[in-house]
Every structure is written in C-alpha cells, then in structure tokens.
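Student: Below is final03.txt; it holds compact mmCIF, N, CA and C atoms.
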```
# COMPACT_ATOMS: atom_id res chain seq x y z
N VAL A 1 0.84 -1.19 0.00
CA VAL A 1 0.00 0.00 0.00
C VAL A 1 0.87 1.24 0.00
N ILE A 2 1.93 1.26 0.82
CA ILE A 2 2.80 2.42 0.88
C ILE A 2 3.53 2.62 -0.44
N ILE A 3 3.93 1.51 -1.06
CA ILE A 3 4.62 1.61 -2.35
C ILE A 3 3.70 2.19 -3.40
N ILE A 4 2.47 1.75 -3.43
CA ILE A 4 1.51 2.26 -4.41
C ILE A 4 1.24 3.74 -4.17
N GLU A 5 1.07 4.13 -2.90
CA GLU A 5 0.81 5.54 -2.61
C GLU A 5 2.03 6.40 -2.88
N GLY A 6 3.23 5.86 -2.62
CA GLY A 6 4.45 6.64 -2.84
C GLY A 6 4.77 6.84 -4.30
N THR A 7 4.49 5.84 -5.12
CA THR A 7 4.81 5.95 -6.54
C THR A 7 3.61 6.37 -7.38
N ALA A 8 2.42 6.22 -6.85
CA ALA A 8 1.17 6.55 -7.55
C ALA A 8 1.03 5.74 -8.84
N ASN A 9 1.67 4.54 -8.86
CA ASN A 9 1.60 3.72 -10.05
C ASN A 9 1.66 2.26 -9.63
N VAL A 10 0.66 1.48 -9.99
CA VAL A 10 0.61 0.07 -9.64
C VAL A 10 1.65 -0.74 -10.41
N HIS A 11 2.07 -0.26 -11.55
CA HIS A 11 3.01 -1.00 -12.38
C HIS A 11 4.39 -1.11 -11.74
N PHE A 12 4.71 -0.26 -10.80
CA PHE A 12 6.02 -0.32 -10.13
C PHE A 12 6.04 -1.31 -8.96
N LEU A 13 4.88 -1.82 -8.57
CA LEU A 13 4.79 -2.67 -7.40
C LEU A 13 5.61 -3.96 -7.54
N LEU A 14 5.45 -4.69 -8.61
CA LEU A 14 6.15 -5.96 -8.78
C LEU A 14 7.67 -5.78 -8.86
N PRO A 15 8.20 -4.85 -9.66
CA PRO A 15 9.67 -4.68 -9.68
C PRO A 15 10.24 -4.26 -8.33
N ILE A 16 9.54 -3.44 -7.58
CA ILE A 16 10.04 -3.01 -6.28
C ILE A 16 10.04 -4.16 -5.29
N VAL A 17 8.99 -4.98 -5.29
CA VAL A 17 8.92 -6.13 -4.39
C VAL A 17 9.99 -7.15 -4.74
N VAL A 18 10.20 -7.43 -6.01
CA VAL A 18 11.23 -8.38 -6.43
C VAL A 18 12.62 -7.86 -6.06
N THR A 19 12.87 -6.59 -6.28
CA THR A 19 14.16 -6.00 -5.92
C THR A 19 14.41 -6.05 -4.42
N THR A 20 13.40 -5.75 -3.63
CA THR A 20 13.54 -5.79 -2.17
C THR A 20 13.81 -7.21 -1.68
N CYS A 21 13.09 -8.18 -2.19
CA CYS A 21 13.30 -9.58 -1.77
C CYS A 21 14.67 -10.08 -2.20
N THR A 22 15.12 -9.70 -3.40
CA THR A 22 16.45 -10.10 -3.86
C THR A 22 17.53 -9.49 -2.98
N ALA A 23 17.38 -8.23 -2.64
CA ALA A 23 18.36 -7.56 -1.78
C ALA A 23 18.40 -8.21 -0.40
N LYS A 24 17.26 -8.58 0.13
CA LYS A 24 17.21 -9.25 1.43
C LYS A 24 17.90 -10.62 1.36
N PHE A 25 17.66 -11.38 0.30
CA PHE A 25 18.27 -12.69 0.12
C PHE A 25 19.79 -12.57 0.00
N VAL A 26 20.27 -11.63 -0.80
CA VAL A 26 21.72 -11.44 -0.98
C VAL A 26 22.35 -10.97 0.33
N GLY A 27 21.67 -10.12 1.05
CA GLY A 27 22.19 -9.65 2.34
C GLY A 27 22.32 -10.78 3.35
N ASN A 28 21.36 -11.71 3.35
CA ASN A 28 21.43 -12.85 4.25
C ASN A 28 22.54 -13.82 3.88
N LEU A 29 22.93 -13.86 2.60
CA LEU A 29 24.04 -14.71 2.20
C LEU A 29 25.36 -14.24 2.81
N PHE A 30 25.51 -12.93 2.97
CA PHE A 30 26.75 -12.37 3.52
C PHE A 30 26.79 -12.46 5.04
N GLY A 31 25.70 -12.61 5.68
CA GLY A 31 25.65 -12.70 7.14
C GLY A 31 24.35 -12.13 7.66
N HIS A 32 24.12 -12.36 8.93
CA HIS A 32 22.87 -11.89 9.53
C HIS A 32 23.01 -10.52 10.17
N GLU A 33 24.21 -9.99 10.22
CA GLU A 33 24.40 -8.66 10.80
C GLU A 33 24.14 -7.59 9.76
N GLY A 34 23.59 -6.50 10.22
CA GLY A 34 23.37 -5.37 9.34
C GLY A 34 24.59 -4.47 9.27
N VAL A 35 24.51 -3.47 8.46
CA VAL A 35 25.62 -2.54 8.27
C VAL A 35 25.95 -1.81 9.57
N TYR A 36 24.93 -1.43 10.33
CA TYR A 36 25.16 -0.70 11.56
C TYR A 36 25.82 -1.58 12.62
N GLU A 37 25.41 -2.85 12.71
CA GLU A 37 26.03 -3.77 13.67
C GLU A 37 27.50 -4.00 13.33
N ILE A 38 27.82 -4.11 12.03
CA ILE A 38 29.21 -4.29 11.62
C ILE A 38 30.03 -3.07 12.02
N GLY A 39 29.49 -1.88 11.80
CA GLY A 39 30.19 -0.65 12.19
C GLY A 39 30.41 -0.56 13.69
N ILE A 40 29.43 -0.97 14.47
CA ILE A 40 29.56 -0.95 15.93
C ILE A 40 30.65 -1.93 16.37
N ARG A 41 30.69 -3.11 15.77
CA ARG A 41 31.73 -4.09 16.11
C ARG A 41 33.12 -3.58 15.74
N ARG A 42 33.24 -2.93 14.59
CA ARG A 42 34.56 -2.41 14.18
C ARG A 42 35.06 -1.33 15.12
N LYS A 43 34.14 -0.54 15.66
CA LYS A 43 34.53 0.50 16.63
C LYS A 43 34.68 -0.06 18.03
N ARG A 44 34.40 -1.35 18.18
CA ARG A 44 34.51 -2.07 19.46
C ARG A 44 33.64 -1.45 20.56
N LEU A 45 32.44 -1.03 20.17
CA LEU A 45 31.47 -0.52 21.13
C LEU A 45 30.65 -1.69 21.65
N ARG A 46 30.24 -1.59 22.91
CA ARG A 46 29.42 -2.65 23.50
C ARG A 46 27.94 -2.40 23.18
N PHE A 47 27.25 -3.46 22.82
CA PHE A 47 25.82 -3.37 22.59
C PHE A 47 25.19 -4.73 22.83
N LEU A 48 23.89 -4.74 23.09
CA LEU A 48 23.18 -5.98 23.32
C LEU A 48 22.76 -6.58 21.99
N GLU A 49 22.91 -7.88 21.89
CA GLU A 49 22.48 -8.58 20.68
C GLU A 49 20.96 -8.60 20.62
N HIS A 50 20.43 -8.86 19.43
CA HIS A 50 18.98 -8.95 19.27
C HIS A 50 18.44 -10.17 19.99
N GLU A 51 19.17 -11.25 19.98
CA GLU A 51 18.78 -12.47 20.66
C GLU A 51 19.83 -12.80 21.72
N PRO A 52 19.40 -13.14 22.94
CA PRO A 52 20.38 -13.49 23.97
C PRO A 52 21.06 -14.81 23.65
N GLU A 53 22.25 -15.00 24.23
CA GLU A 53 22.96 -16.25 24.06
C GLU A 53 22.20 -17.37 24.75
N TRP A 54 22.43 -18.59 24.36
CA TRP A 54 21.68 -19.73 24.87
C TRP A 54 21.83 -19.88 26.37
N ILE A 55 22.96 -19.50 26.92
CA ILE A 55 23.18 -19.66 28.37
C ILE A 55 22.23 -18.77 29.18
N MET A 56 21.78 -17.67 28.57
CA MET A 56 20.88 -16.77 29.27
C MET A 56 19.51 -17.40 29.50
N ASP A 57 19.14 -18.37 28.70
CA ASP A 57 17.87 -19.07 28.92
C ASP A 57 17.91 -19.92 30.18
N LEU A 58 19.10 -20.28 30.63
CA LEU A 58 19.25 -21.13 31.81
C LEU A 58 19.33 -20.32 33.11
N CYS A 59 19.53 -19.00 33.00
CA CYS A 59 19.70 -18.15 34.18
C CYS A 59 18.35 -17.63 34.67
N THR A 60 18.28 -17.43 35.96
CA THR A 60 17.12 -16.77 36.56
C THR A 60 17.59 -15.51 37.27
N VAL A 61 16.67 -14.70 37.70
CA VAL A 61 17.01 -13.47 38.39
C VAL A 61 17.77 -13.78 39.68
N GLY A 62 17.39 -14.85 40.34
CA GLY A 62 18.06 -15.23 41.58
C GLY A 62 19.53 -15.56 41.40
N ASP A 63 19.93 -15.94 40.19
CA ASP A 63 21.33 -16.26 39.93
C ASP A 63 22.22 -15.03 39.90
N VAL A 64 21.67 -13.88 39.58
CA VAL A 64 22.50 -12.69 39.41
C VAL A 64 22.22 -11.58 40.42
N MET A 65 21.18 -11.71 41.21
CA MET A 65 20.86 -10.64 42.16
C MET A 65 21.55 -10.87 43.50
N SER A 66 21.70 -9.81 44.23
CA SER A 66 22.28 -9.94 45.56
C SER A 66 21.17 -10.19 46.57
N CYS A 67 21.54 -10.74 47.67
CA CYS A 67 20.56 -11.08 48.68
C CYS A 67 21.09 -10.61 50.04
N PRO A 68 20.37 -9.95 50.85
CA PRO A 68 18.99 -9.54 50.70
C PRO A 68 18.87 -8.29 49.83
N VAL A 69 17.73 -8.12 49.24
CA VAL A 69 17.47 -6.97 48.38
C VAL A 69 17.17 -5.76 49.26
N THR A 70 17.80 -4.65 48.95
CA THR A 70 17.53 -3.41 49.68
C THR A 70 16.40 -2.68 48.96
N CYS A 71 15.23 -2.63 49.60
CA CYS A 71 14.05 -2.00 49.01
C CYS A 71 13.78 -0.67 49.70
N LEU A 72 13.12 0.20 49.01
CA LEU A 72 12.69 1.47 49.58
C LEU A 72 11.17 1.54 49.51
N PRO A 73 10.54 2.11 50.53
CA PRO A 73 9.09 2.30 50.46
C PRO A 73 8.77 3.49 49.56
N VAL A 74 7.51 3.63 49.19
CA VAL A 74 7.10 4.73 48.33
C VAL A 74 7.35 6.06 49.04
N VAL A 75 7.05 6.12 50.34
CA VAL A 75 7.32 7.32 51.14
C VAL A 75 8.39 6.95 52.15
N ALA A 76 9.55 7.59 52.02
CA ALA A 76 10.67 7.27 52.92
C ALA A 76 11.26 8.55 53.45
N SER A 77 11.81 8.46 54.65
CA SER A 77 12.48 9.62 55.23
C SER A 77 13.85 9.80 54.56
N VAL A 78 14.38 11.00 54.66
CA VAL A 78 15.70 11.28 54.09
C VAL A 78 16.74 10.39 54.74
N GLY A 79 16.63 10.19 56.04
CA GLY A 79 17.59 9.35 56.74
C GLY A 79 17.56 7.91 56.24
N ALA A 80 16.37 7.39 55.97
CA ALA A 80 16.26 6.02 55.48
C ALA A 80 16.88 5.88 54.09
N VAL A 81 16.72 6.90 53.25
CA VAL A 81 17.31 6.87 51.92
C VAL A 81 18.83 6.95 52.01
N VAL A 82 19.33 7.84 52.86
CA VAL A 82 20.78 7.97 53.04
C VAL A 82 21.36 6.68 53.59
N ASP A 83 20.69 6.06 54.55
CA ASP A 83 21.17 4.79 55.10
C ASP A 83 21.21 3.70 54.03
N ALA A 84 20.19 3.66 53.17
CA ALA A 84 20.17 2.65 52.10
C ALA A 84 21.31 2.89 51.12
N LEU A 85 21.60 4.14 50.80
CA LEU A 85 22.69 4.45 49.88
C LEU A 85 24.04 4.09 50.48
N ARG A 86 24.20 4.35 51.77
CA ARG A 86 25.48 4.04 52.42
C ARG A 86 25.67 2.55 52.66
N ALA A 87 24.58 1.82 52.88
CA ALA A 87 24.67 0.42 53.25
C ALA A 87 24.94 -0.50 52.05
N SER A 88 24.67 -0.03 50.84
CA SER A 88 24.86 -0.91 49.68
C SER A 88 25.45 -0.12 48.52
N ALA A 89 26.02 -0.87 47.61
CA ALA A 89 26.59 -0.27 46.40
C ALA A 89 25.70 -0.52 45.19
N HIS A 90 24.44 -0.88 45.43
CA HIS A 90 23.52 -1.15 44.33
C HIS A 90 23.28 0.10 43.51
N ASN A 91 23.02 -0.11 42.23
CA ASN A 91 22.72 1.01 41.35
C ASN A 91 21.23 1.33 41.32
N GLY A 92 20.39 0.35 41.62
CA GLY A 92 18.96 0.56 41.60
C GLY A 92 18.29 -0.05 42.82
N PHE A 93 17.21 0.55 43.24
CA PHE A 93 16.48 0.08 44.42
C PHE A 93 15.01 -0.11 44.05
N PRO A 94 14.46 -1.31 44.31
CA PRO A 94 13.03 -1.49 44.07
C PRO A 94 12.21 -0.66 45.05
N VAL A 95 11.12 -0.10 44.57
CA VAL A 95 10.22 0.69 45.40
C VAL A 95 8.95 -0.13 45.61
N LEU A 96 8.60 -0.34 46.89
CA LEU A 96 7.46 -1.18 47.24
C LEU A 96 6.41 -0.40 48.00
N SER A 97 5.15 -0.71 47.73
CA SER A 97 4.05 -0.25 48.57
C SER A 97 3.93 -1.27 49.69
N LEU A 98 4.05 -0.81 50.91
CA LEU A 98 4.10 -1.74 52.03
C LEU A 98 2.76 -1.97 52.69
N SER A 99 1.76 -1.17 52.35
CA SER A 99 0.44 -1.37 52.95
C SER A 99 -0.61 -1.29 51.86
N ASP A 100 -1.75 -1.96 52.09
CA ASP A 100 -2.82 -1.98 51.10
C ASP A 100 -3.57 -0.65 51.03
N GLU A 101 -3.64 0.07 52.14
CA GLU A 101 -4.42 1.30 52.17
C GLU A 101 -3.64 2.49 51.63
N GLY A 102 -2.39 2.32 51.32
CA GLY A 102 -1.55 3.44 50.92
C GLY A 102 -0.27 3.35 51.71
N ASP A 103 0.51 4.38 51.65
CA ASP A 103 1.80 4.36 52.32
C ASP A 103 1.88 5.41 53.43
N ALA A 104 0.81 5.57 54.17
CA ALA A 104 0.83 6.53 55.26
C ALA A 104 1.83 6.12 56.32
N ASP A 105 2.00 4.81 56.56
CA ASP A 105 2.93 4.36 57.59
C ASP A 105 4.22 3.82 56.99
N ALA A 106 4.40 3.90 55.69
CA ALA A 106 5.58 3.30 55.06
C ALA A 106 6.86 4.05 55.41
N GLY A 107 6.78 5.34 55.62
CA GLY A 107 7.98 6.11 55.93
C GLY A 107 8.60 5.71 57.26
N ARG A 108 7.80 5.17 58.17
CA ARG A 108 8.34 4.77 59.47
C ARG A 108 9.06 3.43 59.39
N LYS A 109 8.84 2.67 58.33
CA LYS A 109 9.43 1.34 58.25
C LYS A 109 10.88 1.38 57.80
N GLY A 110 11.30 2.44 57.16
CA GLY A 110 12.71 2.59 56.82
C GLY A 110 13.10 1.86 55.56
N ALA A 111 14.41 1.82 55.29
CA ALA A 111 14.91 1.26 54.04
C ALA A 111 14.97 -0.25 54.08
N ALA A 112 15.15 -0.84 55.24
CA ALA A 112 15.25 -2.30 55.32
C ALA A 112 13.84 -2.87 55.38
N SER A 113 13.19 -2.88 54.23
CA SER A 113 11.80 -3.30 54.20
C SER A 113 11.69 -4.82 54.18
N PRO A 114 10.65 -5.35 54.78
CA PRO A 114 10.46 -6.80 54.76
C PRO A 114 10.06 -7.25 53.37
N PRO A 115 10.26 -8.54 53.07
CA PRO A 115 9.83 -9.01 51.75
C PRO A 115 8.33 -8.93 51.62
N GLY A 116 7.87 -8.70 50.44
CA GLY A 116 6.45 -8.56 50.19
C GLY A 116 6.12 -7.14 49.82
N GLY A 117 4.88 -6.89 49.59
CA GLY A 117 4.46 -5.57 49.16
C GLY A 117 4.32 -5.54 47.65
N LYS A 118 3.70 -4.50 47.15
CA LYS A 118 3.48 -4.36 45.72
C LYS A 118 4.63 -3.59 45.09
N PHE A 119 5.19 -4.13 44.03
CA PHE A 119 6.28 -3.47 43.32
C PHE A 119 5.71 -2.27 42.58
N GLU A 120 6.25 -1.09 42.90
CA GLU A 120 5.78 0.14 42.27
C GLU A 120 6.72 0.66 41.20
N GLY A 121 7.98 0.28 41.29
CA GLY A 121 8.94 0.75 40.30
C GLY A 121 10.36 0.59 40.81
N LEU A 122 11.28 1.21 40.10
CA LEU A 122 12.70 1.14 40.41
C LEU A 122 13.26 2.55 40.40
N ILE A 123 14.06 2.88 41.38
CA ILE A 123 14.71 4.18 41.41
C ILE A 123 16.21 3.98 41.41
N LEU A 124 16.90 4.74 40.62
CA LEU A 124 18.34 4.60 40.49
C LEU A 124 19.07 5.41 41.54
N ARG A 125 20.29 4.97 41.84
CA ARG A 125 21.15 5.67 42.80
C ARG A 125 21.38 7.12 42.36
N ALA A 126 21.60 7.32 41.08
CA ALA A 126 21.85 8.68 40.58
C ALA A 126 20.65 9.59 40.82
N HIS A 127 19.44 9.06 40.65
CA HIS A 127 18.24 9.86 40.90
C HIS A 127 18.11 10.22 42.37
N LEU A 128 18.39 9.25 43.25
CA LEU A 128 18.32 9.52 44.68
C LEU A 128 19.36 10.57 45.08
N ARG A 129 20.57 10.43 44.56
CA ARG A 129 21.62 11.41 44.90
C ARG A 129 21.24 12.81 44.40
N HIS A 130 20.62 12.87 43.22
CA HIS A 130 20.20 14.16 42.69
C HIS A 130 19.11 14.77 43.58
N LEU A 131 18.16 13.94 44.03
CA LEU A 131 17.09 14.44 44.89
C LEU A 131 17.62 14.90 46.25
N LEU A 132 18.65 14.24 46.73
CA LEU A 132 19.21 14.61 48.05
C LEU A 132 20.12 15.84 47.99
N SER A 133 20.62 16.15 46.81
CA SER A 133 21.53 17.31 46.72
C SER A 133 20.81 18.62 46.64
```
Rewrite the structure of this file - the entire thing - as structure tokens.
Tutor:
Amino acid sequence: VIIIEGTANVHFLLPIVVTTCTAKFVGNLFGHEGVYEIGIRRKRLRFLEHEPEWIMDLCTVGDVMSCPVTCLPVVASVGAVVDALRASAHNGFPVLSLSDEGDADAGRKGAASPPGGKFEGLILRAHLRHLLS
C-alpha cells in the first residue's frame, strides 16, 4: 500500500517487491548482521544482541541478584534513603508499597523493608543522589 501511494503507479509494485526480496536474500548470504552492527563491532562498542545467548535461557534473576534486596518504600524519610545508599553499592532500588491502604505508615518502616508488598517501580542511585543534593 505504501509503495503504491508513494509511486502513484501500480506498475512499479512488482519490480520493487522483487528488488527488495532479492536484496534481502543477498544480504542474508553475507551474514545476519546489518551494516550498523558491523560498524559498531569495528569500533569495538558494546551493545546488546537482538537475541540473547543460549546460556541466558538457563539463568534466573536469583542467579544474578544480591541477597537480601535493599528496598525502599514509596514514602521514605531522608535518613532512610541515606542509610540505604550508604549500606549498599547497588545502582537501583526497588520501590514497594508496604500497605494496602496506601503508604501513610511506610515512611516509618525505613529502608530495610520486609519481603512482600506491591512493586511500584525502580529508582536509580543517581536519581536519589540528585534528589538529596
């Protein structure tokens, strides 16, 4: 549809489709990487592959996370946030709702939150440091 609207001529549809399919086939003969991926590899930049390696299918979150997890409540005191930052070198902290009615009492529970609660999001160390400065 886009080809027909772009060229305003139905007669160009078949040659364009054949050319595109031929180019895709020839490109796949040379490899599955695109031009941009080849350039990134030549510059030795790090990037994530489109498909993870097979070993990643065998890993779970528990294999790579630290234990115990340092969580922050939705409403926390400045002291609790500072204590959490000093106590761990983590880059991100899960934010949990600790009560069903809201977080009116969550600020009193501090950074060392018990397991459980509703996951509300993740806050990064850099964001916390920016908020504290």
Student: Please work out which residues fall within 8 Å of (23.7, 5.8, 48.0), coordinates as given in the file, with only N, CA and C atoms counting, and return them as an mmCIF file with N, CA and C atoms, in the frame of the given file.
Tutor:
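For reference, out.cif as written:
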```
data_model
loop_
_atom_site.group_PDB
_atom_site.id
_atom_site.type_symbol
_atom_site.label_atom_id
_atom_site.label_comp_id
_atom_site.auth_asym_id
_atom_site.auth_seq_id
_atom_site.Cartn_x
_atom_site.Cartn_y
_atom_site.Cartn_z
ATOM 1 N N VAL A 81 16.720 6.900 53.250
ATOM 2 C CA VAL A 81 17.310 6.870 51.920
ATOM 3 C C VAL A 81 18.830 6.950 52.010
ATOM 4 N N VAL A 82 19.330 7.840 52.860
ATOM 5 C CA VAL A 82 20.780 7.970 53.040
ATOM 6 C C VAL A 82 21.360 6.680 53.590
ATOM 7 N N ASP A 83 20.690 6.060 54.550
ATOM 8 C CA ASP A 83 21.170 4.790 55.100
ATOM 9 C C ASP A 83 21.210 3.700 54.030
ATOM 10 N N ALA A 84 20.190 3.660 53.170
ATOM 11 C CA ALA A 84 20.170 2.650 52.100
ATOM 12 C C ALA A 84 21.310 2.890 51.120
ATOM 13 N N LEU A 85 21.600 4.140 50.800
ATOM 14 C CA LEU A 85 22.690 4.450 49.880
ATOM 15 C C LEU A 85 24.040 4.090 50.480
ATOM 16 N N ARG A 86 24.200 4.350 51.770
ATOM 17 C CA ARG A 86 25.480 4.040 52.420
ATOM 18 C C ARG A 86 25.670 2.550 52.660
ATOM 19 N N ALA A 87 24.580 1.820 52.880
ATOM 20 C CA ALA A 87 24.670 0.420 53.250
ATOM 21 C C ALA A 87 24.940 -0.500 52.050
ATOM 22 N N SER A 88 24.670 -0.030 50.840
ATOM 23 C CA SER A 88 24.860 -0.910 49.680
ATOM 24 C C SER A 88 25.450 -0.120 48.520
ATOM 25 N N ALA A 89 26.020 -0.870 47.610
ATOM 26 C CA ALA A 89 26.590 -0.270 46.400
ATOM 27 C C ALA A 89 25.700 -0.520 45.190
ATOM 28 N N HIS A 90 24.440 -0.880 45.430
ATOM 29 C CA HIS A 90 23.520 -1.150 44.330
ATOM 30 C C HIS A 90 23.280 0.100 43.510
ATOM 31 N N LEU A 124 16.900 4.740 40.620
ATOM 32 C CA LEU A 124 18.340 4.600 40.490
ATOM 33 C C LEU A 124 19.070 5.410 41.540
ATOM 34 N N ARG A 125 20.290 4.970 41.840
ATOM 35 C CA ARG A 125 21.150 5.670 42.800
ATOM 36 C C ARG A 125 21.380 7.120 42.360
ATOM 37 N N ALA A 126 21.600 7.320 41.080
ATOM 38 C CA ALA A 126 21.850 8.680 40.580
ATOM 39 C C ALA A 126 20.650 9.590 40.820
ATOM 40 N N LEU A 128 18.390 9.250 43.250
ATOM 41 C CA LEU A 128 18.320 9.520 44.680
ATOM 42 C C LEU A 128 19.360 10.570 45.080
ATOM 43 N N ARG A 129 20.570 10.430 44.560
ATOM 44 C CA ARG A 129 21.620 11.410 44.900
ATOM 45 C C ARG A 129 21.240 12.810 44.400
#
```
Student: Taking only N, CA and C atoms into account, name the residue in A:Gly34, A:Ala23, A:Ser97, A:Glu5 that is nearest to Val74 (chain A).
Tutor: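 The answer is A:Ser97, which sits nearest to Val74 (chain A).
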Student: Mind pulling up the distance from CA of Thr20 (chain A) to atom N of Ala8 (chain A)?
Tutor: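 Pair atom N of Ala8 (chain A) / CA of Thr20 (chain A) returns 17.0 Å.
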Student: For a quick check of understanding, using only C-alpha atoms, which of A:Cys67, A:Leu72, A:Val78, A:Leu29 has the smallest distance to Lys118 (chain A)?
Tutor: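 Checking each candidate against Lys118 (chain A), we get A:Leu72 as the closest.
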Student: Could you state the separation of CA of Gly121 (chain A) and CA of Met56 (chain A) in Å, given to one decimal place?
Tutor: 23.9 Å
Student: State, in Å with one decimal place, the distance from atom N of His127 (chain A) to CA of Val64 (chain A).
Tutor: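 These two atoms are separated by 22.0 Å.
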